[in-house]
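**Q** I'm passing along work_20.tsv; it holds TSV, C-alpha atoms and all ligand atoms.
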```tsv
chain	number	residue	atom	x	y	z
A	112	MET	CA	-16.91	-104.62	165.15
A	113	ASN	CA	-18.22	-104.53	168.70
A	114	SER	CA	-21.90	-104.47	169.51
A	115	ALA	CA	-22.10	-100.75	170.12
A	116	ALA	CA	-20.38	-99.97	166.84
A	117	SER	CA	-22.57	-102.28	164.81
A	118	GLU	CA	-25.67	-100.78	166.41
A	119	SER	CA	-24.66	-97.24	165.64
A	120	ALA	CA	-23.51	-98.14	162.13
A	121	ASP	CA	-27.10	-98.53	160.97
A	122	GLY	CA	-28.42	-95.70	163.08
A	123	THR	CA	-30.30	-98.02	165.41
A	124	PHE	CA	-28.34	-96.89	168.41
A	125	VAL	CA	-29.21	-93.24	167.96
A	126	GLU	CA	-32.87	-94.14	167.75
A	127	THR	CA	-32.61	-96.48	170.77
A	128	ALA	CA	-30.94	-93.74	172.82
A	129	ARG	CA	-33.59	-91.23	171.79
A	130	ARG	CA	-36.44	-93.51	172.87
A	131	SER	CA	-34.61	-94.34	176.09
A	132	ASP	CA	-34.33	-90.62	176.93
A	133	THR	CA	-38.02	-90.08	176.25
A	134	ILE	CA	-38.95	-92.93	178.59
A	135	HIS	CA	-36.57	-91.74	181.29
A	136	ALA	CA	-38.33	-88.40	181.21
A	137	ASP	CA	-41.80	-89.96	181.31
A	138	LEU	CA	-41.26	-92.62	183.98
A	139	ALA	CA	-41.75	-90.41	187.00
A	140	ASN	CA	-44.95	-88.90	185.57
A	141	ASN	CA	-46.52	-92.07	184.26
A	142	PRO	CA	-45.11	-95.05	186.14
A	143	GLY	CA	-48.27	-97.04	185.43
A	144	ARG	CA	-47.53	-97.09	181.70
A	145	TYR	CA	-44.47	-99.22	182.18
A	146	ARG	CA	-43.71	-102.76	183.08
A	147	MET	CA	-40.05	-103.32	183.60
A	148	LEU	CA	-38.26	-106.60	183.16
A	149	THR	CA	-34.71	-107.03	184.26
A	150	GLY	CA	-32.54	-109.85	185.51
A	151	ASP	CA	-29.28	-111.40	186.47
A	152	ARG	CA	-27.60	-114.73	186.05
A	153	PRO	CA	-27.06	-116.41	189.41
A	154	THR	CA	-23.27	-116.56	189.12
A	155	GLY	CA	-22.42	-115.05	192.51
A	156	ALA	CA	-23.22	-112.35	195.03
A	157	LEU	CA	-23.40	-108.79	193.72
A	158	HIS	CA	-20.61	-106.22	193.89
A	159	VAL	CA	-20.51	-102.44	193.93
A	160	GLY	CA	-20.39	-102.36	190.11
A	161	HIS	CA	-23.78	-104.09	190.04
A	162	TYR	CA	-25.08	-101.77	192.71
A	163	PHE	CA	-24.22	-98.49	191.02
A	164	GLY	CA	-24.74	-99.91	187.52
A	165	SER	CA	-28.21	-101.35	187.94
A	166	LEU	CA	-29.47	-102.35	191.37
A	167	ARG	CA	-29.72	-98.84	192.75
A	168	ASN	CA	-31.69	-97.84	189.69
A	169	ARG	CA	-34.14	-100.72	190.15
A	170	VAL	CA	-34.85	-99.56	193.66
A	171	LYS	CA	-35.42	-96.05	192.32
A	172	MET	CA	-37.92	-97.37	189.74
A	173	GLN	CA	-39.70	-99.22	192.49
A	174	SER	CA	-40.04	-96.03	194.50
A	175	LEU	CA	-41.47	-94.30	191.42
A	176	GLY	CA	-44.16	-96.98	191.36
A	177	VAL	CA	-43.01	-98.91	188.28
A	178	GLU	CA	-43.97	-102.58	188.34
A	179	THR	CA	-40.81	-104.61	187.94
A	180	TYR	CA	-40.19	-108.27	187.15
A	181	VAL	CA	-36.73	-109.49	188.07
A	182	VAL	CA	-35.71	-112.77	186.51
A	183	ILE	CA	-33.02	-114.87	188.13
A	184	ALA	CA	-31.82	-116.45	184.90
A	185	ASP	CA	-30.84	-119.84	186.27
A	186	TYR	CA	-31.30	-121.69	182.96
A	187	GLN	CA	-28.89	-119.25	181.35
A	188	VAL	CA	-26.14	-120.44	183.69
A	189	LEU	CA	-26.30	-123.81	181.93
A	190	THR	CA	-25.10	-122.22	178.69
A	191	ASP	CA	-21.49	-121.68	179.71
A	192	ARG	CA	-20.87	-123.60	182.92
A	193	ASP	CA	-20.69	-127.31	183.60
A	194	SER	CA	-21.36	-127.39	187.31
A	195	VAL	CA	-24.67	-126.58	188.95
A	196	ASP	CA	-23.30	-126.98	192.46
A	197	GLN	CA	-23.04	-123.26	193.13
A	198	ILE	CA	-26.48	-122.29	191.80
A	199	PRO	CA	-28.45	-122.61	195.08
A	200	GLN	CA	-25.92	-120.51	196.98
A	201	ASN	CA	-25.82	-117.93	194.17
A	202	VAL	CA	-29.61	-117.65	194.02
A	203	ARG	CA	-29.65	-117.17	197.77
A	204	ASP	CA	-27.00	-114.44	197.55
A	205	LEU	CA	-28.85	-112.65	194.75
A	206	VAL	CA	-32.14	-112.59	196.63
A	207	LEU	CA	-30.48	-111.35	199.81
A	208	ASP	CA	-28.57	-108.66	197.92
A	209	TYR	CA	-31.76	-107.51	196.18
A	210	LEU	CA	-33.69	-107.24	199.41
A	211	ALA	CA	-30.81	-105.67	201.29
A	212	ALA	CA	-30.57	-103.01	198.58
A	213	GLY	CA	-34.25	-102.20	199.01
A	214	LEU	CA	-36.21	-104.26	196.51
A	215	ASP	CA	-39.39	-105.13	198.33
A	216	PRO	CA	-41.42	-108.12	197.13
A	217	ASP	CA	-44.16	-107.32	199.64
A	218	ASN	CA	-45.20	-104.15	197.83
A	219	ARG	CA	-46.85	-106.09	194.96
A	220	LEU	CA	-44.76	-104.05	192.50
A	221	THR	CA	-41.57	-106.07	192.48
A	222	HIS	CA	-41.57	-109.74	191.55
A	223	VAL	CA	-38.42	-111.83	191.83
A	224	PHE	CA	-38.70	-115.20	190.11
A	225	CYS	CA	-36.53	-117.77	188.34
A	226	HIS	CA	-36.58	-119.41	184.92
A	227	SER	CA	-36.73	-122.92	186.29
A	228	HIS	CA	-39.99	-122.34	188.12
A	229	VAL	CA	-42.06	-120.62	185.45
A	230	PRO	CA	-42.98	-123.24	182.83
A	231	ALA	CA	-45.08	-120.88	180.69
A	232	LEU	CA	-42.14	-118.53	180.20
A	233	ASN	CA	-40.01	-121.34	178.82
A	234	GLN	CA	-42.80	-122.47	176.54
A	235	LEU	CA	-42.71	-119.17	174.67
A	236	LEU	CA	-39.30	-120.20	173.44
A	237	VAL	CA	-40.65	-122.85	171.04
A	238	PRO	CA	-42.77	-120.63	168.79
A	239	PHE	CA	-40.23	-117.82	169.16
A	240	LEU	CA	-37.46	-120.03	167.75
A	241	THR	CA	-39.46	-120.36	164.54
A	242	LEU	CA	-39.35	-116.58	164.11
A	243	VAL	CA	-35.57	-116.30	164.09
A	244	GLY	CA	-33.06	-117.36	161.45
A	245	MET	CA	-29.88	-119.30	162.18
A	246	GLY	CA	-27.87	-116.51	160.58
A	247	GLU	CA	-29.30	-113.97	163.01
A	248	LEU	CA	-28.27	-116.10	165.97
A	249	ASP	CA	-24.84	-116.66	164.52
A	250	ARG	CA	-24.21	-112.95	164.01
A	251	ASN	CA	-25.15	-111.81	167.54
A	252	PRO	CA	-22.05	-109.82	168.59
A	253	THR	CA	-22.62	-110.20	172.34
A	254	VAL	CA	-22.91	-113.98	172.09
A	255	LYS	CA	-19.72	-114.08	170.03
A	256	GLU	CA	-17.87	-112.00	172.61
A	257	GLU	CA	-19.11	-114.19	175.44
A	258	ILE	CA	-18.01	-117.38	173.72
A	259	GLU	CA	-14.60	-115.88	173.16
A	260	ALA	CA	-14.28	-114.46	176.68
A	261	ALA	CA	-15.24	-117.79	178.26
A	262	GLY	CA	-12.77	-119.59	175.97
A	263	LEU	CA	-15.40	-122.19	175.10
A	264	THR	CA	-14.21	-124.86	172.71
A	265	HIS	CA	-17.57	-126.62	172.58
A	266	VAL	CA	-20.52	-124.30	172.28
A	267	ASN	CA	-23.94	-125.73	173.08
A	268	ALA	CA	-27.08	-124.74	171.21
A	269	ALA	CA	-28.51	-122.90	174.22
A	270	MET	CA	-25.56	-120.49	174.06
A	271	TYR	CA	-26.73	-119.43	170.60
A	272	THR	CA	-30.39	-119.38	171.50
A	273	TYR	CA	-30.27	-117.72	174.91
A	274	PRO	CA	-31.05	-114.30	173.37
A	275	VAL	CA	-34.35	-115.85	172.20
A	276	HIS	CA	-34.88	-117.14	175.71
A	277	GLN	CA	-34.21	-113.63	176.93
A	278	ALA	CA	-36.94	-112.41	174.57
A	279	ALA	CA	-39.25	-114.90	176.30
A	280	ASP	CA	-38.15	-113.47	179.69
A	281	ILE	CA	-39.20	-110.04	178.55
A	282	LEU	CA	-42.31	-110.87	176.58
A	283	PHE	CA	-43.92	-113.50	178.83
A	284	CYS	CA	-44.99	-110.66	181.13
A	285	LYS	CA	-45.32	-108.13	178.28
A	286	GLY	CA	-42.48	-106.09	179.66
A	287	ASN	CA	-42.16	-102.85	177.72
A	288	VAL	CA	-38.98	-101.42	179.23
A	289	VAL	CA	-35.72	-103.22	179.87
A	290	PRO	CA	-32.90	-101.41	181.66
A	291	VAL	CA	-29.65	-102.62	180.12
A	292	GLY	CA	-26.08	-101.82	179.35
A	293	ARG	CA	-24.97	-101.44	175.74
A	294	ASP	CA	-23.77	-105.03	175.49
A	295	GLN	CA	-27.35	-106.24	175.86
A	296	LEU	CA	-28.75	-104.09	173.05
A	297	PRO	CA	-28.53	-106.79	170.37
A	298	HIS	CA	-30.79	-108.93	172.56
A	299	ILE	CA	-33.34	-106.15	172.92
A	300	GLU	CA	-33.27	-105.56	169.17
A	301	LEU	CA	-33.93	-109.28	168.64
A	302	THR	CA	-36.75	-109.18	171.21
A	303	ARG	CA	-38.38	-106.33	169.28
A	304	LYS	CA	-38.13	-108.30	166.06
A	305	ILE	CA	-39.63	-111.40	167.67
A	306	ALA	CA	-42.55	-109.40	169.07
A	307	ARG	CA	-43.13	-107.77	165.67
A	308	ARG	CA	-42.85	-111.01	163.74
A	309	PHE	CA	-45.15	-112.87	166.13
A	310	ASN	CA	-47.77	-110.15	165.86
A	311	GLN	CA	-47.46	-110.05	162.06
A	312	ARG	CA	-47.54	-113.78	161.60
A	313	PHE	CA	-50.27	-114.72	164.05
A	314	CYS	CA	-52.28	-111.64	164.86
A	315	ALA	CA	-53.15	-110.28	161.41
A	316	GLN	CA	-56.86	-110.54	162.21
A	317	SER	CA	-56.69	-109.82	165.92
A	318	SER	CA	-54.99	-107.36	168.21
A	319	PRO	CA	-51.25	-107.82	168.69
A	320	VAL	CA	-50.20	-109.99	171.62
A	321	PHE	CA	-46.82	-108.41	172.32
A	322	PRO	CA	-45.49	-104.90	172.85
A	323	GLU	CA	-42.13	-104.00	171.27
A	324	PRO	CA	-40.06	-103.34	174.36
A	325	ASP	CA	-37.62	-100.47	174.67
A	326	ALA	CA	-34.17	-100.55	176.15
A	327	LEU	CA	-33.66	-98.14	178.97
A	328	LEU	CA	-30.01	-97.22	178.69
A	329	SER	CA	-28.26	-96.85	181.98
A	330	ASP	CA	-26.70	-93.47	182.62
A	331	ALA	CA	-24.34	-95.06	185.13
A	332	PRO	CA	-20.82	-94.96	183.76
A	333	LYS	CA	-18.85	-98.20	183.51
A	334	ILE	CA	-17.16	-99.06	186.76
A	335	LEU	CA	-13.74	-100.63	186.50
A	336	GLY	CA	-12.26	-103.10	188.92
A	337	LEU	CA	-9.76	-102.20	191.64
A	338	ASP	CA	-6.98	-103.04	189.19
A	339	GLY	CA	-8.28	-100.09	187.17
A	340	GLY	CA	-7.67	-101.85	183.88
A	341	GLN	CA	-10.87	-103.76	183.21
A	342	LYS	CA	-14.52	-103.96	184.11
A	343	MET	CA	-15.30	-104.88	187.69
A	344	SER	CA	-16.18	-108.55	187.68
A	345	LYS	CA	-16.01	-111.44	190.07
A	346	SER	CA	-14.17	-113.68	187.64
A	347	ARG	CA	-11.37	-111.10	187.47
A	348	GLY	CA	-11.05	-110.88	191.26
A	349	ASN	CA	-11.13	-107.08	191.24
A	350	THR	CA	-14.39	-106.40	193.06
A	351	ILE	CA	-15.76	-105.12	196.33
A	352	MET	CA	-18.77	-107.22	197.20
A	353	LEU	CA	-21.84	-105.45	198.53
A	354	LYS	CA	-21.85	-107.79	201.49
A	355	ALA	CA	-18.17	-107.24	202.34
A	356	THR	CA	-17.54	-105.80	205.81
A	357	ALA	CA	-16.31	-102.24	206.31
A	358	ASP	CA	-12.88	-103.61	207.25
A	359	GLU	CA	-12.71	-105.81	204.16
A	360	THR	CA	-13.67	-102.80	202.06
A	361	ARG	CA	-10.89	-100.76	203.64
A	362	ALA	CA	-8.32	-103.49	203.03
A	363	LEU	CA	-9.40	-103.95	199.40
A	364	LEU	CA	-9.25	-100.24	198.66
A	365	LYS	CA	-5.85	-99.98	200.29
A	366	LYS	CA	-4.56	-102.42	197.68
A	367	ALA	CA	-6.35	-100.77	194.75
A	368	LYS	CA	-4.03	-99.75	191.94
A	369	THR	CA	-3.25	-96.03	191.54
A	370	ASP	CA	-0.32	-94.07	190.10
A	371	THR	CA	2.54	-92.02	191.49
A	372	ASP	CA	1.26	-88.52	190.73
A	373	ARG	CA	0.30	-87.02	194.09
A	374	ASN	CA	-1.90	-84.40	192.52
A	375	ILE	CA	-5.30	-86.07	192.11
A	376	THR	CA	-7.07	-85.26	188.85
A	377	TYR	CA	-10.00	-86.79	187.01
A	378	ASP	CA	-8.64	-88.01	183.70
A	379	PRO	CA	-10.18	-91.37	182.70
A	380	VAL	CA	-7.99	-91.74	179.60
A	381	ARG	CA	-4.58	-91.06	181.10
A	382	ARG	CA	-5.29	-91.98	184.72
A	383	PRO	CA	-7.88	-94.78	184.58
A	384	GLU	CA	-7.16	-96.18	188.06
A	385	VAL	CA	-7.36	-92.89	189.97
A	386	SER	CA	-10.33	-91.77	187.88
A	387	ASN	CA	-12.20	-94.96	188.61
A	388	LEU	CA	-11.82	-94.40	192.35
A	389	LEU	CA	-13.02	-90.81	191.89
A	390	LEU	CA	-15.97	-92.10	189.92
A	391	LEU	CA	-16.91	-94.50	192.71
A	392	LEU	CA	-16.58	-91.64	195.18
A	393	SER	CA	-18.84	-89.45	193.06
A	394	LEU	CA	-21.45	-92.21	192.88
A	395	CYS	CA	-21.50	-92.26	196.67
A	396	THR	CA	-21.62	-88.50	197.19
A	397	GLY	CA	-23.56	-87.36	194.12
A	398	GLU	CA	-20.80	-84.84	193.39
A	399	ASP	CA	-18.99	-84.45	190.12
A	400	PRO	CA	-15.80	-86.60	190.01
A	401	GLY	CA	-13.72	-83.62	188.87
A	402	ARG	CA	-14.93	-81.68	191.88
A	403	GLU	CA	-14.01	-84.58	194.18
A	404	ALA	CA	-10.52	-84.58	192.63
A	405	GLU	CA	-10.11	-80.86	193.37
A	406	ARG	CA	-11.06	-81.41	196.98
A	407	ILE	CA	-8.35	-84.00	197.42
A	408	GLY	CA	-5.85	-81.98	195.43
A	409	ASP	CA	-2.23	-82.84	196.16
A	410	ARG	CA	-2.94	-84.99	199.20
A	411	GLY	CA	-2.29	-88.05	197.04
A	412	SER	CA	-3.91	-91.40	196.46
A	413	GLY	CA	-3.76	-92.29	200.15
A	414	ALA	CA	-6.18	-89.48	200.93
A	415	LEU	CA	-8.34	-90.45	197.96
A	416	LYS	CA	-8.57	-94.03	199.19
A	417	GLN	CA	-9.34	-92.90	202.71
A	418	THR	CA	-12.13	-90.59	201.53
A	419	LEU	CA	-13.58	-93.27	199.26
A	420	THR	CA	-13.43	-95.93	201.98
A	421	ASP	CA	-15.45	-93.75	204.32
A	422	ALA	CA	-17.96	-92.70	201.66
A	423	LEU	CA	-18.49	-96.22	200.37
A	424	ASN	CA	-18.81	-97.74	203.81
A	425	ASP	CA	-21.32	-95.03	204.75
A	426	THR	CA	-23.34	-95.61	201.57
A	427	LEU	CA	-23.38	-99.36	202.02
A	428	ALA	CA	-23.85	-99.45	205.80
A	429	PRO	CA	-27.67	-99.61	205.73
A	430	LEU	CA	-27.59	-102.37	203.06
A	431	ARG	CA	-25.08	-104.38	204.98
A	432	ALA	CA	-26.99	-104.04	208.24
A	433	ARG	CA	-30.15	-105.12	206.51
A	434	ARG	CA	-28.42	-108.06	204.89
A	435	GLN	CA	-27.19	-109.27	208.26
A	436	GLU	CA	-30.70	-109.08	209.57
A	437	LEU	CA	-32.02	-111.06	206.60
A	438	GLU	CA	-29.26	-113.64	207.08
A	439	GLN	CA	-30.87	-114.59	210.40
A	440	ASP	CA	-33.55	-116.38	208.42
A	441	ALA	CA	-32.02	-116.62	204.97
A	442	VAL	CA	-33.78	-119.86	204.03
A	443	GLY	CA	-37.17	-118.44	204.96
A	444	VAL	CA	-36.56	-115.09	203.25
A	445	VAL	CA	-35.42	-116.66	199.98
A	446	LYS	CA	-38.26	-119.16	199.96
A	447	ARG	CA	-40.86	-116.52	200.65
A	448	THR	CA	-39.49	-114.09	198.04
A	449	LEU	CA	-39.35	-116.68	195.29
A	450	THR	CA	-42.67	-118.25	196.20
A	451	LEU	CA	-44.38	-114.88	195.87
A	452	GLY	CA	-42.51	-113.93	192.70
A	453	ASN	CA	-42.86	-117.30	190.99
A	454	GLN	CA	-46.55	-117.31	191.70
A	455	VAL	CA	-47.13	-113.93	190.07
A	456	ALA	CA	-44.84	-114.88	187.17
A	457	ASN	CA	-46.75	-118.11	186.62
A	458	GLU	CA	-50.08	-116.31	186.62
A	459	VAL	CA	-48.99	-113.67	184.14
A	460	GLY	CA	-47.12	-116.24	182.03
A	461	ASN	CA	-50.10	-118.56	181.84
A	462	ALA	CA	-52.32	-115.67	180.76
A	463	THR	CA	-49.87	-114.72	177.99
A	464	LEU	CA	-49.59	-118.33	176.88
A	465	ARG	CA	-53.38	-118.56	176.58
A	466	GLU	CA	-53.38	-115.48	174.36
A	467	MET	CA	-50.58	-116.89	172.27
A	468	ARG	CA	-52.35	-120.21	171.81
A	469	ALA	CA	-55.46	-118.40	170.67
A	470	ALA	CA	-53.42	-116.38	168.17
A	471	MET	CA	-51.73	-119.55	166.90
A	472	LYS	CA	-55.12	-121.28	166.59
A	473	MET	CA	-54.16	-123.77	169.25
A	474	ASP	CA	-56.91	-123.14	171.74
A	475	TYR	CA	-58.93	-126.27	171.38
A	476	GLY	CA	-61.33	-125.45	174.13
A	477	VAL	CA	-59.37	-127.46	176.65
A	478	VAL	CA	-57.39	-126.07	179.55
B	501	LIG	N1	-28.39	-111.90	179.88
B	501	LIG	C1	-28.36	-111.12	181.07
B	501	LIG	C2	-26.93	-111.14	181.61
B	501	LIG	O1	-26.14	-111.92	181.20
B	501	LIG	C3	-29.28	-111.67	182.15
B	501	LIG	C4	-30.70	-111.71	181.70
B	501	LIG	C5	-31.43	-112.81	181.44
B	501	LIG	C6	-31.52	-110.59	181.40
B	501	LIG	N2	-32.67	-112.48	181.02
B	501	LIG	C7	-32.76	-111.12	180.99
B	501	LIG	C8	-31.34	-109.21	181.44
B	501	LIG	C9	-33.80	-110.28	180.58
B	501	LIG	C10	-32.37	-108.37	181.06
B	501	LIG	C11	-33.59	-108.91	180.62
B	501	LIG	O2	-26.61	-110.35	182.47
```
Take the structure in the file and write it out as structure tokens.
**A**
Amino acid sequence: MNSAASESADGTFVETARRSDTIHADLANNPGRYRMLTGDRPTGALHVGHYFGSLRNRVKMQSLGVETYVVIADYQVLTDRDSVDQIPQNVRDLVLDYLAAGLDPDNRLTHVFCHSHVPALNQLLVPFLTLVGMGELDRNPTVKEEIEAAGLTHVNAAMYTYPVHQAADILFCKGNVVPVGRDQLPHIELTRKIARRFNQRFCAQSSPVFPEPDALLSDAPKILGLDGGQKMSKSRGNTIMLKATADETRALLKKAKTDTDRNITYDPVRRPEVSNLLLLLSLCTGEDPGREAERIGDRGSGALKQTLTDALNDTLAPLRARRQELEQDAVGVVKRTLTLGNQVANEVGNATLREMRAAMKMDYGVV
């Protein structure tokens, strides 16, 4: 059973979706009620799937005035990769993509930081691990899928425990909303359990330390790769990178898979490749994909690709221009962004750790 199915089987998913809708509706009115935590593994620069799936939404939250912590999950990279050689370049690309897309660390609302530089965050992991059973870790459907997808023959312990680490990512800053795709829901469910169990075990006589965070389900539909058959992802070589040039974008779209029916229709089941291009077009224009299909009509996939190339290049032009500007001083920009973000993360993490120690009766009056 996949993660979505197992969630809905016990009715959790319906409840999660209901709460997510309520929060979506409330965010614009009460941005101050929410602290958002989100993140990415530094495994490469971001592509248009990331942009329409999550990054654009983060920028929107920022403009609503929601405080957002963005973790660059560098320790998580160690769970399924041997080499660390690419990490510095990947962190650099992530930060530049974030800023190019409009995240603004200077506004005191958005904090970009990394696991490896926030000791207090990682310390939460130790007590948290005592609140979770081995069986629970073993059953996590997303972890199982990842192990299978990566074809790992030797699985290290951090692969099984990274969802607990992810709970630490969320709870160290008392994040109460986490924008995620469905595959991450088991981790949010575990985070809620950890928060509840910590509060029950250690805070019976005092106020609870942790909120039970809610998932904020993305309304962005899944974007397939240019092969049209599977999710857009760098490892599958079917992406358009955000930082690609307009010409590269044109060349990639020219090669995108379509079908031979000249009449363009939106039919994700029978025509996944054409429909995926229409979906991308609709994400650029804000129009319904079916409506975009009608406009192109029987002018064929060449016209569809041409229209999409122009729309995508127009949408991404300001990001790309900004990225080029940032590239002029990439070292300085990355250093400044992470210095600011790590500092805030350390402050908030240290404060949470002090509260936790008090709850666990480990505040001995020393610093
Ligand atoms: N596990 C997420 C991924 O693989 C990355 C991540 C790490 C994350 N910590 C997080 C996402 C906390 C949301 C919240 O993409």
**Q** Tell me which of A:Thr221, A:Gln295, A:Gln277, A:Thr253 sits closest to A:Leu235, counting only C-alpha atoms.
**A** A:Gln277
**Q** Which residues of chain A come within 10 Å of ligand LIG 501 (chain B), and for each one, what is the closest pair of atoms and their distance in Å to one decimal, counting all atoms listed in the file, sorted by chain and residue number, as CSV?
**A**
```
residue,atom,partner,partner_atom,distance
A:Met147,CA,B:LIG501,C11,9.0
A:Leu148,CA,B:LIG501,C11,5.8
A:Thr149,CA,B:LIG501,C10,4.2
A:Gly150,CA,B:LIG501,C8,4.3
A:Asp151,CA,B:LIG501,C3,4.3
A:Arg152,CA,B:LIG501,C3,5.2
A:Pro153,CA,B:LIG501,C3,9.0
A:Thr154,CA,B:LIG501,O1,9.6
A:Tyr180,CA,B:LIG501,C11,9.3
A:Val181,CA,B:LIG501,C9,8.1
A:Val182,CA,B:LIG501,N2,6.3
A:Ile183,CA,B:LIG501,C5,7.2
A:Ala184,CA,B:LIG501,C5,5.0
A:Asp185,CA,B:LIG501,C5,8.5
A:Tyr186,CA,B:LIG501,C5,9.0
A:Gln187,CA,B:LIG501,C5,6.9
A:Val188,CA,B:LIG501,O1,8.9
A:Cys225,CA,B:LIG501,N2,9.8
A:His226,CA,B:LIG501,N2,8.9
A:Thr253,CA,B:LIG501,N1,9.6
A:Val254,CA,B:LIG501,N1,9.7
A:Glu257,CA,B:LIG501,O1,9.4
A:Tyr273,CA,B:LIG501,N1,7.9
A:Pro274,CA,B:LIG501,N1,7.4
A:Val275,CA,B:LIG501,N2,9.6
A:His276,CA,B:LIG501,N2,7.4
A:Gln277,CA,B:LIG501,N2,4.5
A:Ala278,CA,B:LIG501,C9,7.1
A:Ala279,CA,B:LIG501,C9,8.3
A:Asp280,CA,B:LIG501,C9,5.5
A:Ile281,CA,B:LIG501,C9,5.8
A:Leu282,CA,B:LIG501,C9,9.4
A:Gly286,CA,B:LIG501,C11,9.4
A:Val288,CA,B:LIG501,C11,9.3
A:Val289,CA,B:LIG501,C11,6.1
A:Pro290,CA,B:LIG501,C10,7.0
A:Val291,CA,B:LIG501,C10,6.4
A:Gly292,CA,B:LIG501,O2,9.1
A:Asp294,CA,B:LIG501,C2,9.2
A:Gln295,CA,B:LIG501,N1,7.0
A:Leu296,CA,B:LIG501,C10,9.8
A:His298,CA,B:LIG501,N1,8.3
A:Ile299,CA,B:LIG501,C11,8.2
A:Thr302,CA,B:LIG501,C9,9.9
A:Ala326,CA,B:LIG501,C10,9.4
```
**Q** For the atom pair atom CA of A:Asp330 and atom CA of A:Asn168, what is the interatomic distance in Å to one decimal place?
**A**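 Going from atom CA of A:Asp330 over to atom CA of A:Asn168 covers 9.7 Å.
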**Q** Would you list the contacts of A:Thr418 as a list in words, taking every protein, DNA or RNA residue within 12 Å and counting only C-alpha atoms, but skipping same-chain residues closer than 3 positions in sequence?
**A**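 In the requested format, the answer is Arg361, Leu364, Lys365, Leu388, Leu389, Leu391, Leu392, Ser393, Cys395, Thr396, Glu403, Ala404, Arg406, Ile407, Arg410, Gly411, Ser412, Gly413, Ala414, Leu415, Asp421, Ala422, Leu423, Asn424 and Asp425 of chain A.
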**Q** Could you check how far atom CA of A:Gln197 sits from atom CA of A:Ser227, in Å to one decimal?
**A**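 Result for atom CA of A:Gln197 versus atom CA of A:Ser227: 15.3 Å, one decimal.
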**Q** Find the residue from A:Ala355, A:Val380, A:Ala136, A:Val442 that sits nearest to A:His158; use all atoms listed in the file when measuring.
**A** A:Ala355
**Q** Is there a way to get, as a PDB file with C-alpha atoms, keeping the file's coordinate frame, all residues within 10 Å of the point (-25.7, -120.9, 172.5) in file coordinates, counting all atoms listed in the file?
**A**
```pdb
ATOM      1  CA  GLN A 187     -28.890-119.250 181.350  1.00  0.00           C
ATOM      2  CA  LEU A 189     -26.300-123.810 181.930  1.00  0.00           C
ATOM      3  CA  THR A 190     -25.100-122.220 178.690  1.00  0.00           C
ATOM      4  CA  ASP A 191     -21.490-121.680 179.710  1.00  0.00           C
ATOM      5  CA  LEU A 248     -28.270-116.100 165.970  1.00  0.00           C
ATOM      6  CA  ASP A 249     -24.840-116.660 164.520  1.00  0.00           C
ATOM      7  CA  VAL A 254     -22.910-113.980 172.090  1.00  0.00           C
ATOM      8  CA  LYS A 255     -19.720-114.080 170.030  1.00  0.00           C
ATOM      9  CA  GLU A 257     -19.110-114.190 175.440  1.00  0.00           C
ATOM     10  CA  ILE A 258     -18.010-117.380 173.720  1.00  0.00           C
ATOM     11  CA  HIS A 265     -17.570-126.620 172.580  1.00  0.00           C
ATOM     12  CA  VAL A 266     -20.520-124.300 172.280  1.00  0.00           C
ATOM     13  CA  ASN A 267     -23.940-125.730 173.080  1.00  0.00           C
ATOM     14  CA  ALA A 268     -27.080-124.740 171.210  1.00  0.00           C
ATOM     15  CA  ALA A 269     -28.510-122.900 174.220  1.00  0.00           C
ATOM     16  CA  MET A 270     -25.560-120.490 174.060  1.00  0.00           C
ATOM     17  CA  TYR A 271     -26.730-119.430 170.600  1.00  0.00           C
ATOM     18  CA  THR A 272     -30.390-119.380 171.500  1.00  0.00           C
ATOM     19  CA  TYR A 273     -30.270-117.720 174.910  1.00  0.00           C
ATOM     20  CA  PRO A 274     -31.050-114.300 173.370  1.00  0.00           C
TER      21      PRO A 274
END
```
**Q** Which polymer residues have any atom within 6 Å of an atom of A:Cys314, counting all atoms listed in the file, with same-chain residues fewer than 4 positions away left out, as number ranges by chain?
**A** A: 310, 319, 470
**Q** Kindly save the residues from that selection, with C-alpha atoms included, as a tab-separated table (two decimals), in the coordinates of the input.
**A**
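And here is the file that came out, result.tsv:
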```tsv
chain	number	residue	atom	x	y	z
A	310	ASN	CA	-47.77	-110.15	165.86
A	319	PRO	CA	-51.25	-107.82	168.69
A	470	ALA	CA	-53.42	-116.38	168.17
```
**Q** Using only C-alpha atoms, which residue out of A:Gly408, A:Leu327, A:Ile351, A:Ala315 lies closest to A:Glu126?
**A**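 When distances to A:Glu126 are compared using only C-alpha atoms, the smallest one comes from A:Leu327.
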**Q** Please identify all polymer residues within 6 Å of stretch 451-467 of chain A, counting all atoms listed in the file, omitting same-chain residues fewer than 3 positions from it, and present them as a PyMOL selection string.
**A** chain A and resi 222-224+229+231-232+283-284+448+470
**Q** Out of A:Asp132, A:Asp409, A:His161, A:Thr356, which residue has the shortest atom-to-atom distance to A:Arg373 when counting only C-alpha atoms?
**A**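 Comparing A:Asp132, A:Asp409, A:His161, A:Thr356 against A:Arg373, the winner is A:Asp409.
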